Amino acid sequence: QVQLVESGGGAVEAGGSLRLSCAVSGLTFSYSDYCMAWFRQAPGKEREGIARIRPGGLVTDYGNSVKGRLTISRDNAKNTSYLQMNTLKPEETGMYYCAAARTFCPRLSAPDMFDFWGQGTQVTVPS
């Protein structure tokens, strides 16, 4: 059974930083074969793709609203991806989810194309 477990969420002041982790287990294929991504969902809003990293770890993409402030990375030896978030804003409060896809790396605008999802970790940035 594939499991994606996010951690590292919490409450942080505006302008602060958090580092989220996503540990993956139970994959049929090597973790290094999977595209990994992070999404967030604010209360009352649709899920938004914010970052993705290709299997090799060298190619990354970001949503326009987070460019320059967030960094996605992965450690294939640990089956874990990370999302470093800096200069957080109150409007970035929400649930943060990691997702995985194997056959190709879906666009951030196509969350339905990802194969596996975690349960999410809450990030709260009070205004």
# chains A, B, ... in the order shown; residues from 1 in each chain; ligands from 1
>>> residues_around(residues="Tyr97 in chain A", least_positions_apart="6", cutoff="8 Å", atoms="only C-alpha atoms", output="list in words")
Glu6, Trp38, Phe39, Arg40, Trp117, Gly118, Gln119, Gly120 and Thr121 of chain A
>>> residues_around(residues="Ser17 in chain A", least_positions_apart="2", cutoff="9 Å", atoms="only C-alpha atoms", output="PyMOL selection string")
chain A and resi 12-15+19+84-88
>>> closest_residue(among="A:Ser32, A:Ser65, A:Ser21, A:Ser73", to="Glu48 in chain A", atoms="only C-alpha atoms")
A:Ser65
>>> closest_atom_pairs(of="range 42-72 of chain A", to="range 99-103 of chain A", cutoff="12 Å", atoms="only C-alpha atoms", output="Markdown table")
| residue | atom | partner | partner_atom | distance |
| --- | --- | --- | --- | --- |
| A:Arg47 | CA | A:Ala99 | CA | 12.0 |
| A:Gly49 | CA | A:Ala99 | CA | 10.0 |
| A:Ile50 | CA | A:Ala99 | CA | 11.3 |
| A:Ala51 | CA | A:Ala99 | CA | 10.3 |
| A:Arg52 | CA | A:Ala99 | CA | 9.0 |
| A:Ile53 | CA | A:Ala100 | CA | 9.9 |
| A:Arg54 | CA | A:Ala101 | CA | 9.6 |
| A:Pro55 | CA | A:Arg102 | CA | 8.5 |
>>> closest_residue(among="A:Ala110, A:Leu4, A:Ala11, A:Tyr82", to="Leu70 in chain A", atoms="only C-alpha atoms")
A:Tyr82
>>> residues_around(residues="Thr93 in chain A", least_positions_apart="4", cutoff="8 Å", atoms="only C-alpha atoms", output="ChimeraX atom specification")
/A:42,89,122-126
>>> closest_residue(among="A:Glu46, A:Cys98, A:Phe104, A:Asn76", to="Gln3 in chain A", atoms="only C-alpha atoms")
A:Cys98
>>> select_by_dssp(residues="range 54-117 of chain A", states="strand (DSSP E)", output="PyMOL selection string")
chain A and resi 60-62+70-75+80-85+94-101+116-117
>>> write_last_selection(atoms="N, CA and C atoms", output="PDB file, in the first residue's frame")
ATOM      1  N   THR A  60      12.712  21.667 -11.691  1.00  0.00           N
ATOM      2  CA  THR A  60      11.626  22.052 -10.789  1.00  0.00           C
ATOM      3  C   THR A  60      10.748  23.104 -11.446  1.00  0.00           C
ATOM      4  N   ASP A  61       9.505  23.173 -11.016  1.00  0.00           N
ATOM      5  CA  ASP A  61       8.573  24.194 -11.489  1.00  0.00           C
ATOM      6  C   ASP A  61       7.778  24.701 -10.298  1.00  0.00           C
ATOM      7  N   TYR A  62       7.375  25.970 -10.395  1.00  0.00           N
ATOM      8  CA  TYR A  62       6.657  26.597  -9.294  1.00  0.00           C
ATOM      9  C   TYR A  62       5.447  27.366  -9.806  1.00  0.00           C
ATOM     10  N   LEU A  70       9.627  29.738  -2.337  1.00  0.00           N
ATOM     11  CA  LEU A  70       9.540  28.324  -2.007  1.00  0.00           C
ATOM     12  C   LEU A  70      10.557  27.535  -2.815  1.00  0.00           C
ATOM     13  N   THR A  71      11.074  26.482  -2.194  1.00  0.00           N
ATOM     14  CA  THR A  71      12.023  25.609  -2.864  1.00  0.00           C
ATOM     15  C   THR A  71      11.633  24.159  -2.618  1.00  0.00           C
ATOM     16  N   ILE A  72      11.437  23.422  -3.702  1.00  0.00           N
ATOM     17  CA  ILE A  72      11.152  21.994  -3.589  1.00  0.00           C
ATOM     18  C   ILE A  72      12.438  21.218  -3.831  1.00  0.00           C
ATOM     19  N   SER A  73      12.612  20.140  -3.086  1.00  0.00           N
ATOM     20  CA  SER A  73      13.788  19.295  -3.260  1.00  0.00           C
ATOM     21  C   SER A  73      13.396  17.858  -2.929  1.00  0.00           C
ATOM     22  N   ARG A  74      14.312  16.946  -3.173  1.00  0.00           N
ATOM     23  CA  ARG A  74      14.038  15.542  -2.883  1.00  0.00           C
ATOM     24  C   ARG A  74      15.323  14.829  -2.516  1.00  0.00           C
ATOM     25  N   ASP A  75      15.175  13.809  -1.691  1.00  0.00           N
ATOM     26  CA  ASP A  75      16.288  12.930  -1.342  1.00  0.00           C
ATOM     27  C   ASP A  75      15.846  11.530  -1.728  1.00  0.00           C
ATOM     28  N   THR A  80      11.989  10.787   0.186  1.00  0.00           N
ATOM     29  CA  THR A  80      11.374  11.953   0.821  1.00  0.00           C
ATOM     30  C   THR A  80      11.551  13.193  -0.049  1.00  0.00           C
ATOM     31  N   SER A  81      10.507  13.987  -0.127  1.00  0.00           N
ATOM     32  CA  SER A  81      10.598  15.293  -0.760  1.00  0.00           C
ATOM     33  C   SER A  81      10.364  16.366   0.295  1.00  0.00           C
ATOM     34  N   TYR A  82      10.828  17.563  -0.023  1.00  0.00           N
ATOM     35  CA  TYR A  82      10.778  18.661   0.935  1.00  0.00           C
ATOM     36  C   TYR A  82      10.237  19.922   0.253  1.00  0.00           C
ATOM     37  N   LEU A  83       9.637  20.774   1.054  1.00  0.00           N
ATOM     38  CA  LEU A  83       9.197  22.077   0.566  1.00  0.00           C
ATOM     39  C   LEU A  83       9.625  23.118   1.587  1.00  0.00           C
ATOM     40  N   GLN A  84      10.646  23.891   1.233  1.00  0.00           N
ATOM     41  CA  GLN A  84      11.099  24.986   2.080  1.00  0.00           C
ATOM     42  C   GLN A  84      10.287  26.222   1.725  1.00  0.00           C
ATOM     43  N   MET A  85       9.614  26.781   2.719  1.00  0.00           N
ATOM     44  CA  MET A  85       8.751  27.931   2.481  1.00  0.00           C
ATOM     45  C   MET A  85       9.257  29.113   3.295  1.00  0.00           C
ATOM     46  N   GLY A  94      -3.503  27.081   4.981  1.00  0.00           N
ATOM     47  CA  GLY A  94      -4.280  26.014   4.367  1.00  0.00           C
ATOM     48  C   GLY A  94      -3.660  24.657   4.612  1.00  0.00           C
ATOM     49  N   MET A  95      -4.242  23.649   3.981  1.00  0.00           N
ATOM     50  CA  MET A  95      -3.706  22.297   4.034  1.00  0.00           C
ATOM     51  C   MET A  95      -2.726  22.129   2.879  1.00  0.00           C
ATOM     52  N   TYR A  96      -1.597  21.544   3.195  1.00  0.00           N
ATOM     53  CA  TYR A  96      -0.562  21.301   2.199  1.00  0.00           C
ATOM     54  C   TYR A  96      -0.445  19.793   1.971  1.00  0.00           C
ATOM     55  N   TYR A  97      -0.531  19.411   0.712  1.00  0.00           N
ATOM     56  CA  TYR A  97      -0.524  18.009   0.326  1.00  0.00           C
ATOM     57  C   TYR A  97       0.653  17.714  -0.598  1.00  0.00           C
ATOM     58  N   CYS A  98       1.231  16.540  -0.456  1.00  0.00           N
ATOM     59  CA  CYS A  98       2.186  16.097  -1.462  1.00  0.00           C
ATOM     60  C   CYS A  98       1.516  15.044  -2.330  1.00  0.00           C
ATOM     61  N   ALA A  99       2.009  14.926  -3.544  1.00  0.00           N
ATOM     62  CA  ALA A  99       1.446  14.012  -4.525  1.00  0.00           C
ATOM     63  C   ALA A  99       2.562  13.398  -5.345  1.00  0.00           C
ATOM     64  N   ALA A 100       2.283  12.217  -5.916  1.00  0.00           N
ATOM     65  CA  ALA A 100       3.278  11.500  -6.705  1.00  0.00           C
ATOM     66  C   ALA A 100       2.661  10.997  -7.998  1.00  0.00           C
ATOM     67  N   ALA A 101       3.475  10.992  -9.046  1.00  0.00           N
ATOM     68  CA  ALA A 101       3.053  10.459 -10.335  1.00  0.00           C
ATOM     69  C   ALA A 101       4.240   9.764 -10.980  1.00  0.00           C
ATOM     70  N   PHE A 116      -0.914   9.382  -6.516  1.00  0.00           N
ATOM     71  CA  PHE A 116      -1.000   9.152  -5.078  1.00  0.00           C
ATOM     72  C   PHE A 116      -0.940  10.476  -4.325  1.00  0.00           C
ATOM     73  N   TRP A 117      -1.637  10.508  -3.196  1.00  0.00           N
ATOM     74  CA  TRP A 117      -1.736  11.714  -2.382  1.00  0.00           C
ATOM     75  C   TRP A 117      -1.539  11.386  -0.907  1.00  0.00           C
TER      76      TRP A 117
END
